[in-house]
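Notes follow once the structure below has been shown.
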Amino acid sequence: MEYRRLGSSGLEVPALSFGTGTFGGQGPLFGAWGSSDAEDARRLVDICLDAGVTLFDTADVYSAGASEEVLGQAIRGRRDRLLISTKAALPTGEGPGEAGTSRSRLIAATDAALRRLGTDRIDLFQLHAFDAATPVEEVLATLDDLVRAGKLRYVGVSNFSGWQLMKSLSAAERHGRPRYVAHQVYYSLVGRDYEWELMPLGLDQGVGALVWSPLGWGRLTGKVRRGRPLPEGSRLHATAAFGPPVADELLYRVVDALDEIAAETGRTVPQVAINWLLRRPTVSSVIIGARNERQLRDNLGAVGWALTEDQVARLDAASATEAAYPYFPYRRQEGFARLNPAVV
């Protein structure tokens, strides 16, 4: 397993990390993802640790906290061998104190996560979404207190826009608060919007990307193909409405290219799709998920080899889409590009 610095921080993380959205299995979304109990989860954690995957990602909203609980049970007795990442901000109830990133909510959410996980510290704590109602100075001051108390080691965000992240980083710099070192983002061969603004920002500010849904919300598993109905057992039947939209033509164009390269390399379609992501700028770790041992072992096969430059170029071309304004001139016109070269 390759290890990389998380952004500009001193924290080393594995190139592949494990997402525990399949732990617990409660609710219409997470119930469709998976339902690993503590025994199943312990076996998956065993496989991860044997392969060098030491970062495990969860959130308080995953199965209403059950994901954190199951992860805590699965790592009991070996906490010091791994890193825990969790998230808070999204609503966990209807009450006024059960959503957002106010001081009271962050303190309560951190303490609740520590109890569910059965640990005394969280290695990486991320804001699951931007809370427009709470001043960023209040958020950062609270996170600073939690870091100083030893409850949190590093802090990051997830699903922020460029201006939201930059505003927070600027405030942290101005007030001497902990800077966000990670941005957990959606990024895949059928979802490259991350590249337009967030990737250049990450490069400039030293914010590492933790990639969620690297297989395009389950569309790049090799089972979804042109001219065929959606497989009966696909979780897309129950979860497509929750995830990022993908145009059919883009999807099938990418799958065709993945099929060709999988045949050339002797790898599976998911392995090729994840390997492509591991070469992208700012990517510190790609979060893989699995409902069972077979899926996990297949995803772990994405490391230890490399696509050729030609194969990367073909995947780039198959997955390319037109950039939105104000980004498209920098991709299309030489004069714009000379002033601000494209990142990718």
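By convention here, the chains of the structure tokens are called A, B, ... in the order presented, each chain's residues are numbered starting at 1, and ligands are numbered starting at 1 in the order presented.
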
DSSP on the backbone, then: every residue of range 89-243 of chain A marked helix (DSSP H, G or I), written as a VMD selection string. chain A and resid 103 to 117 136 to 148 162 to 175 193 to 195 198 to 205 236 to 242

Per residue of range 176-259 of chain A within 8 Å of range 143-155 of chain A, what are the shortest atom pair and its distance in Å to one decimal, counting only C-alpha atoms, with rows by chain and residue number, as a tab-separated table?
residue	atom	partner	partner_atom	distance
A:Arg177	CA	A:Asp144	CA	5.9
A:Pro178	CA	A:Asp144	CA	6.1
A:Arg179	CA	A:Val155	CA	7.1
A:Tyr180	CA	A:Val155	CA	5.3
A:Val181	CA	A:Val155	CA	6.4
A:Ala182	CA	A:Val155	CA	7.2

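Across the structure, CA of Asn292 in chain A and CA of Gly65 in chain A are spaced 20.5 Å apart.
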
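Distance check against Ser188 in chain A using only C-alpha atoms: of A:Phe125, A:Trp305, A:Phe328, A:Trp212, the minimum falls on A:Trp212.
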
Please give the complete set of residues from range 43-183 of chain A that DSSP, run on the backbone, assigns to strand (DSSP E or B), formatted as a compact mmCIF listing (two decimals) with C-alpha atoms, in the first residue's frame.
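Final output, saved to out14.txt:
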# COMPACT_ATOMS: atom_id res chain seq x y z
CA LEU A 55 -8.01 4.85 7.39
CA PHE A 56 -11.69 4.13 8.07
CA ASP A 57 -14.31 6.75 7.22
CA LEU A 83 -7.04 6.10 11.75
CA ILE A 84 -10.68 7.10 12.16
CA SER A 85 -12.38 9.75 10.07
CA THR A 86 -15.93 10.84 10.82
CA LYS A 87 -18.24 13.69 9.89
CA ALA A 88 -21.01 15.83 11.37
CA ILE A 122 -10.90 11.21 16.22
CA ASP A 123 -7.98 11.39 13.82
CA LEU A 124 -9.83 13.41 11.16
CA PHE A 125 -13.08 15.24 11.86
CA GLN A 126 -14.87 16.72 8.84
CA LEU A 127 -17.81 19.05 8.45
CA LEU A 152 -9.72 15.83 17.39
CA ARG A 153 -6.33 15.54 15.67
CA TYR A 154 -7.00 17.06 12.23
CA VAL A 155 -10.01 18.81 10.71
CA GLY A 156 -11.46 18.93 7.22
CA VAL A 157 -14.65 19.45 5.28
CA SER A 158 -16.85 17.66 2.79
CA ALA A 182 -8.85 17.56 3.74
CA HIS A 183 -11.84 17.95 1.48

Please determine, counting only C-alpha atoms, which residue among A:Gly206, A:Pro245, A:Gly19, A:Gly10 has the shortest atom-to-atom distance to Leu296 in chain A. A:Gly19

For Thr142 in chain A, please output as a ChimeraX atom specification all residues within 10 Å (counting only C-alpha atoms; exclusion window: fewer than 5 positions along the same chain). /A:101-107,136-137,147-148,177

Could you write out that same residue set with N, CA and C atoms as a PDB file, in the first residue's frame?
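Below you can see again37.pdb, which holds the result:
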ATOM      1  N   THR A 101     -23.470  23.360  12.398  1.00  0.00           N
ATOM      2  CA  THR A 101     -22.133  23.337  12.995  1.00  0.00           C
ATOM      3  C   THR A 101     -21.962  24.447  14.035  1.00  0.00           C
ATOM      4  N   SER A 102     -23.021  24.747  14.759  1.00  0.00           N
ATOM      5  CA  SER A 102     -22.907  25.705  15.859  1.00  0.00           C
ATOM      6  C   SER A 102     -21.969  25.133  16.924  1.00  0.00           C
ATOM      7  N   ARG A 103     -21.546  25.987  17.835  1.00  0.00           N
ATOM      8  CA  ARG A 103     -20.639  25.531  18.892  1.00  0.00           C
ATOM      9  C   ARG A 103     -21.252  24.388  19.698  1.00  0.00           C
ATOM     10  N   SER A 104     -22.497  24.550  20.108  1.00  0.00           N
ATOM     11  CA  SER A 104     -23.133  23.511  20.926  1.00  0.00           C
ATOM     12  C   SER A 104     -23.295  22.211  20.141  1.00  0.00           C
ATOM     13  N   ARG A 105     -23.650  22.334  18.855  1.00  0.00           N
ATOM     14  CA  ARG A 105     -23.844  21.121  18.049  1.00  0.00           C
ATOM     15  C   ARG A 105     -22.532  20.387  17.821  1.00  0.00           C
ATOM     16  N   LEU A 106     -21.453  21.100  17.518  1.00  0.00           N
ATOM     17  CA  LEU A 106     -20.175  20.441  17.259  1.00  0.00           C
ATOM     18  C   LEU A 106     -19.635  19.743  18.500  1.00  0.00           C
ATOM     19  N   ILE A 107     -19.774  20.374  19.653  1.00  0.00           N
ATOM     20  CA  ILE A 107     -19.309  19.746  20.886  1.00  0.00           C
ATOM     21  C   ILE A 107     -20.119  18.486  21.174  1.00  0.00           C
ATOM     22  N   VAL A 136     -18.281  31.339  10.255  1.00  0.00           N
ATOM     23  CA  VAL A 136     -17.129  30.446  10.158  1.00  0.00           C
ATOM     24  C   VAL A 136     -16.186  30.651  11.346  1.00  0.00           C
ATOM     25  N   GLU A 137     -16.138  31.860  11.906  1.00  0.00           N
ATOM     26  CA  GLU A 137     -15.275  32.113  13.060  1.00  0.00           C
ATOM     27  C   GLU A 137     -15.722  31.281  14.270  1.00  0.00           C
ATOM     28  N   VAL A 147      -9.613  20.448  19.240  1.00  0.00           N
ATOM     29  CA  VAL A 147      -8.257  19.980  18.935  1.00  0.00           C
ATOM     30  C   VAL A 147      -7.370  20.132  20.167  1.00  0.00           C
ATOM     31  N   ARG A 148      -7.444  21.286  20.826  1.00  0.00           N
ATOM     32  CA  ARG A 148      -6.624  21.532  22.015  1.00  0.00           C
ATOM     33  C   ARG A 148      -6.979  20.565  23.146  1.00  0.00           C
ATOM     34  N   ARG A 177      -6.413  29.705  13.697  1.00  0.00           N
ATOM     35  CA  ARG A 177      -7.163  28.481  13.996  1.00  0.00           C
ATOM     36  C   ARG A 177      -6.642  27.326  13.141  1.00  0.00           C
TER      37      ARG A 177
END

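Residues with any atom within 7 Å of Ala129 in chain A, counting only C-alpha atoms and excluding same-chain neighbours fewer than 6 positions away, are Ala89, Leu90, Ser158, Asn159 and Phe160 of chain A.
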
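CA of Trp196 in chain A sits 28.1 Å away from CA of Arg226 in chain A.
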
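Distances here use only C-alpha atoms; by that measure, the residue among A:Ala306, A:Leu220, A:Gly289, A:Leu277 closest to Phe23 in chain A is A:Gly289.
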
Applying 12 Å and only C-alpha atoms, which residues near Glu264 in chain A remain after dropping the ones on its own chain fewer than 4 positions away? List them as a list of chain:residue names. A:Ala257, A:Leu258, A:Asp259, A:Glu260, A:Thr268, A:Val269, A:Val272, A:Leu307, A:Thr308, A:Asp310, A:Gln311

Atoms to include: all heavy atoms. Write the selected residues as an mmCIF file, in the first residue's frame.
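Result file selection_14.cif:
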data_model
loop_
_atom_site.group_PDB
_atom_site.id
_atom_site.type_symbol
_atom_site.label_atom_id
_atom_site.label_comp_id
_atom_site.auth_asym_id
_atom_site.auth_seq_id
_atom_site.Cartn_x
_atom_site.Cartn_y
_atom_site.Cartn_z
ATOM 1 N N ALA A 257 -14.744 2.510 -22.720
ATOM 2 C CA ALA A 257 -13.295 2.700 -22.588
ATOM 3 C C ALA A 257 -12.734 1.848 -21.454
ATOM 4 O O ALA A 257 -11.641 1.264 -21.573
ATOM 5 C CB ALA A 257 -12.988 4.180 -22.353
ATOM 6 N N LEU A 258 -13.455 1.767 -20.349
ATOM 7 C CA LEU A 258 -13.010 0.943 -19.228
ATOM 8 C C LEU A 258 -12.945 -0.530 -19.623
ATOM 9 O O LEU A 258 -12.011 -1.252 -19.236
ATOM 10 C CB LEU A 258 -13.954 1.125 -18.035
ATOM 11 C CG LEU A 258 -13.831 2.431 -17.258
ATOM 12 C CD1 LEU A 258 -14.992 2.594 -16.289
ATOM 13 C CD2 LEU A 258 -12.505 2.489 -16.497
ATOM 14 N N ASP A 259 -13.938 -0.988 -20.384
ATOM 15 C CA ASP A 259 -13.940 -2.381 -20.850
ATOM 16 C C ASP A 259 -12.682 -2.689 -21.660
ATOM 17 O O ASP A 259 -12.031 -3.721 -21.465
ATOM 18 C CB ASP A 259 -15.179 -2.645 -21.714
ATOM 19 C CG ASP A 259 -16.412 -2.975 -20.886
ATOM 20 O OD1 ASP A 259 -16.248 -3.372 -19.719
ATOM 21 O OD2 ASP A 259 -17.529 -2.834 -21.411
ATOM 22 N N GLU A 260 -12.351 -1.793 -22.574
ATOM 23 C CA GLU A 260 -11.173 -2.009 -23.428
ATOM 24 C C GLU A 260 -9.895 -2.086 -22.591
ATOM 25 O O GLU A 260 -9.058 -2.969 -22.791
ATOM 26 C CB GLU A 260 -11.049 -0.871 -24.444
ATOM 27 C CG GLU A 260 -12.131 -0.854 -25.514
ATOM 28 C CD GLU A 260 -11.954 0.320 -26.465
ATOM 29 O OE1 GLU A 260 -10.946 1.050 -26.306
ATOM 30 O OE2 GLU A 260 -12.808 0.514 -27.336
ATOM 31 N N THR A 268 -10.026 -5.571 -13.473
ATOM 32 C CA THR A 268 -11.466 -5.403 -13.553
ATOM 33 C C THR A 268 -11.809 -3.943 -13.835
ATOM 34 O O THR A 268 -10.977 -3.042 -13.655
ATOM 35 C CB THR A 268 -12.151 -5.828 -12.244
ATOM 36 O OG1 THR A 268 -11.749 -4.934 -11.196
ATOM 37 C CG2 THR A 268 -11.777 -7.261 -11.865
ATOM 38 N N VAL A 269 -13.034 -3.702 -14.260
ATOM 39 C CA VAL A 269 -13.487 -2.335 -14.530
ATOM 40 C C VAL A 269 -13.349 -1.442 -13.297
ATOM 41 O O VAL A 269 -12.813 -0.324 -13.397
ATOM 42 C CB VAL A 269 -14.937 -2.351 -15.070
ATOM 43 C CG1 VAL A 269 -15.562 -0.953 -15.007
ATOM 44 C CG2 VAL A 269 -14.964 -2.871 -16.507
ATOM 45 N N VAL A 272 -9.663 -0.446 -12.727
ATOM 46 C CA VAL A 272 -9.168 0.552 -13.679
ATOM 47 C C VAL A 272 -9.692 1.938 -13.312
ATOM 48 O O VAL A 272 -8.950 2.933 -13.325
ATOM 49 C CB VAL A 272 -9.566 0.186 -15.113
ATOM 50 C CG1 VAL A 272 -9.181 1.298 -16.093
ATOM 51 C CG2 VAL A 272 -8.917 -1.133 -15.535
ATOM 52 N N LEU A 307 -1.676 2.427 -14.863
ATOM 53 C CA LEU A 307 -2.106 2.580 -16.247
ATOM 54 C C LEU A 307 -0.990 3.222 -17.065
ATOM 55 O O LEU A 307 -0.191 4.002 -16.539
ATOM 56 C CB LEU A 307 -3.354 3.474 -16.304
ATOM 57 C CG LEU A 307 -4.631 2.929 -15.664
ATOM 58 C CD1 LEU A 307 -5.623 4.064 -15.427
ATOM 59 C CD2 LEU A 307 -5.255 1.845 -16.533
ATOM 60 N N THR A 308 -0.950 2.932 -18.356
ATOM 61 C CA THR A 308 0.011 3.608 -19.227
ATOM 62 C C THR A 308 -0.489 5.015 -19.544
ATOM 63 O O THR A 308 -1.674 5.334 -19.342
ATOM 64 C CB THR A 308 0.190 2.838 -20.540
ATOM 65 O OG1 THR A 308 -1.040 2.893 -21.287
ATOM 66 C CG2 THR A 308 0.561 1.378 -20.279
ATOM 67 N N ASP A 310 -0.970 6.243 -22.429
ATOM 68 C CA ASP A 310 -1.978 6.124 -23.480
ATOM 69 C C ASP A 310 -3.331 5.742 -22.897
ATOM 70 O O ASP A 310 -4.366 6.282 -23.307
ATOM 71 C CB ASP A 310 -1.532 5.092 -24.510
ATOM 72 C CG ASP A 310 -2.616 4.813 -25.548
ATOM 73 O OD1 ASP A 310 -2.894 5.710 -26.373
ATOM 74 O OD2 ASP A 310 -3.213 3.707 -25.516
ATOM 75 N N GLN A 311 -3.338 4.818 -21.964
ATOM 76 C CA GLN A 311 -4.602 4.397 -21.351
ATOM 77 C C GLN A 311 -5.234 5.533 -20.555
ATOM 78 O O GLN A 311 -6.456 5.729 -20.596
ATOM 79 C CB GLN A 311 -4.357 3.170 -20.474
ATOM 80 C CG GLN A 311 -4.044 1.926 -21.274
ATOM 81 C CD GLN A 311 -3.452 0.801 -20.430
ATOM 82 O OE1 GLN A 311 -2.983 1.021 -19.299
ATOM 83 N NE2 GLN A 311 -3.462 -0.402 -20.966
#

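For Ala247 in chain A, the list of residues within 10 Å, based on only C-alpha atoms and with local chain neighbours fewer than 4 positions off taken out, reads A:Val190, A:Leu251, A:Tyr252.
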
Just the selected residues (C-alpha atoms), exported as a CSV table (one decimal), in the first residue's frame, please.
chain,number,residue,atom,x,y,z
A,190,VAL,CA,-18.4,10.1,-14.8
A,251,LEU,CA,-21.7,6.7,-18.8
A,252,TYR,CA,-21.7,4.3,-21.7

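For the pair CA of Ala263 in chain A and CA of Thr22 in chain A, the interatomic distance is 29.6 Å.
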
Sorted by chain and rising residue number, list the residues of range 81-200 of chain A at most 7 Å from range 69-74 of chain A (counting only C-alpha atoms), each with its closest atom pair and distance in Å to one decimal, as CSV.
residue,atom,partner,partner_atom,distance
A:Arg116,CA,A:Glu69,CA,4.7
A:Leu117,CA,A:Gly72,CA,4.0
A:Gly118,CA,A:Gly72,CA,5.5
